[in-house]
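J.: Sharing a structure here in structure tokens format.
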Amino acid sequence: MAISHDLKMDHKVVRRLEAALRVMADMVRKGNGPTGADLEEAMMLMTDFVDIYHHGKEETCLFPLVEGAHEDQKKTVHGFLVEHEFGRRAARMIRQKYERWAKGDLEAAEALARFILTYADFIKTHTEIEDVWFDVLDGRLLKSGEQREILECISRAERGEVEERRAEFASRVDALASKYK
Ligand SMILES: [Fe+2]
Ligand SMILES: [Fe+2]
């Protein structure tokens, strides 16, 4: 199996979250939702799924191996790391604004909506650019031994439950996406 298969599958789920976030941001702005529990769930998915699970696979298993074997990819990898950090900061800002909004501070609504949209935009551009890069990695850059090493690393990091964990996150994302569409 190519590395792009696993990571692109994640991206598909991440982009379903993006779509739900856009609807949630619009509701925050209009003052007609979403529920606090659903926003909490969206924030947990940003942390547990997008960052710890998905970015974790890239940062622990993919980026170090690619950089180590292919000097010319260092700049690209650095760019992706900067974007991951941007995503973390945007998620922290969402949390901050959410705390105020949840206490009934209506002035926080606009800022909360904007940071949710910023996060959705981050997801969109970041996953699209990575998808193109994964094709380059699979198509010509990575040798089959390197592919195997990355996949084994991912499997070890998830204790052999890569697919199961993605399925678990996907069902949580789909539960949100079916409410916010
Ligand atoms: Fe990434
Ligand atoms: Fe990614």
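Identifiers for the structure tokens are assigned positionally: chains receive A, B, ... in sequence, residues are indexed from 1 per chain, and ligands are indexed from 1 in the order shown.
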Give the residues close to ligand 1, within 12 Å, counting only C-alpha atoms and all ligand atoms; write them as an MDAnalysis selection string.
T.: chainID A and resid 7:8 10:11 14 50:63 76:88 122:134
J.: Which of chain A end up as alpha helix (DSSP H) when DSSP is run on this backbone - answer as a VMD selection string?
T.: chain A and resid 3 to 30 36 to 44 56 to 57 63 to 69 74 to 102 108 to 136 144 to 157 162 to 179
J.: Identify which of the residues A:Arg114, A:Arg165, A:His70, A:His5 lies closest to ligand 2, counting only C-alpha atoms and all ligand atoms when measuring atom-to-atom distances.
T.: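 Among the listed residues, the smallest separation from ligand 2 belongs to A:His5.
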J.: Looking at only C-alpha atoms, which of A:Glu71, A:Asp121, A:Asp105, A:Glu99 is the one that sits closest to Arg22 (chain A)?
T.: A:Asp121
J.: Calculated over only C-alpha atoms, which of the candidates A:Val162, A:Ala91, A:Ala167, A:Met46 has the smallest distance to Arg15 (chain A)?
T.: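 Distance minimum relative to Arg15 (chain A) lands on A:Met46.
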J.: Can you work out the spacing between CA of Gly31 (chain A) and CA of Ala109 (chain A) in Å, to one decimal?
T.: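 Atom-to-atom, CA of Gly31 (chain A) to CA of Ala109 (chain A), that is 7.8 Å.
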J.: Show which residues sit within 12 Å of Thr35 (chain A), as a CSV table (one decimal) with N, CA, C and O atoms, in the first residue's frame. Count only C-alpha atoms, and ignore same-chain residues fewer than 2 positions away.
T.:
chain,number,residue,atom,x,y,z
A,24,MET,N,-21.1,25.5,10.8
A,24,MET,CA,-21.2,25.9,12.2
A,24,MET,C,-20.8,27.4,12.3
A,24,MET,O,-21.4,28.2,13.1
A,25,ALA,N,-19.8,27.8,11.6
A,25,ALA,CA,-19.3,29.2,11.7
A,25,ALA,C,-20.4,30.2,11.3
A,25,ALA,O,-20.7,31.2,11.9
A,27,MET,N,-23.6,29.6,11.5
A,27,MET,CA,-24.7,29.7,12.5
A,27,MET,C,-24.2,30.5,13.7
A,27,MET,O,-25.1,31.3,14.3
A,28,VAL,N,-23.0,30.4,14.0
A,28,VAL,CA,-22.5,31.3,15.1
A,28,VAL,C,-22.7,32.7,14.8
A,28,VAL,O,-23.1,33.5,15.6
A,31,GLY,N,-26.2,33.7,15.0
A,31,GLY,CA,-26.8,33.5,16.3
A,31,GLY,C,-27.9,32.5,16.4
A,31,GLY,O,-28.7,32.5,17.3
A,32,ASN,N,-27.9,31.5,15.5
A,32,ASN,CA,-28.9,30.5,15.6
A,32,ASN,C,-28.3,29.1,15.8
A,32,ASN,O,-28.7,28.1,15.2
A,33,GLY,N,-27.2,29.0,16.5
A,33,GLY,CA,-26.6,27.7,16.8
A,33,GLY,C,-25.1,27.9,16.7
A,33,GLY,O,-24.6,29.0,16.7
A,37,ALA,N,-22.2,21.7,22.9
A,37,ALA,CA,-21.7,20.4,22.9
A,37,ALA,C,-21.1,20.0,21.5
A,37,ALA,O,-20.1,19.4,21.5
A,38,ASP,N,-21.8,20.5,20.5
A,38,ASP,CA,-21.3,20.2,19.1
A,38,ASP,C,-20.0,21.0,18.8
A,38,ASP,O,-19.1,20.5,18.2
A,39,LEU,N,-19.9,22.2,19.3
A,39,LEU,CA,-18.7,23.0,19.2
A,39,LEU,C,-17.5,22.3,19.9
A,39,LEU,O,-16.4,22.3,19.5
A,40,GLU,N,-17.9,21.9,21.1
A,40,GLU,CA,-16.8,21.2,21.9
A,40,GLU,C,-16.3,19.9,21.2
A,40,GLU,O,-15.1,19.7,21.2
A,41,GLU,N,-17.3,19.2,20.6
A,41,GLU,CA,-16.9,18.0,19.8
A,41,GLU,C,-16.0,18.4,18.6
A,41,GLU,O,-15.0,17.7,18.4
A,42,ALA,N,-16.4,19.5,17.9
A,42,ALA,CA,-15.6,19.9,16.8
A,42,ALA,C,-14.2,20.3,17.2
A,42,ALA,O,-13.2,19.9,16.6
A,98,TYR,N,-14.4,30.7,22.1
A,98,TYR,CA,-15.6,29.8,22.4
A,98,TYR,C,-15.9,30.0,23.9
A,98,TYR,O,-17.1,30.1,24.3
A,101,TRP,N,-17.9,33.1,24.2
A,101,TRP,CA,-19.2,32.9,23.6
A,101,TRP,C,-20.1,32.0,24.4
A,101,TRP,O,-21.3,32.3,24.6
A,102,ALA,N,-19.5,31.0,25.0
A,102,ALA,CA,-20.3,30.0,25.8
A,102,ALA,C,-20.9,30.7,27.0
A,102,ALA,O,-21.9,30.3,27.6
A,176,LEU,N,-21.3,14.8,13.2
A,176,LEU,CA,-21.4,16.3,13.1
A,176,LEU,C,-21.8,16.8,11.7
A,176,LEU,O,-22.6,17.7,11.6
A,179,LYS,N,-25.4,16.7,10.9
A,179,LYS,CA,-26.2,17.8,11.6
A,179,LYS,C,-25.9,19.1,11.0
A,179,LYS,O,-26.8,20.0,10.9
A,180,TYR,N,-24.7,19.3,10.5
A,180,TYR,CA,-24.3,20.7,10.0
A,180,TYR,C,-24.0,20.6,8.6
A,180,TYR,O,-22.8,20.4,8.2
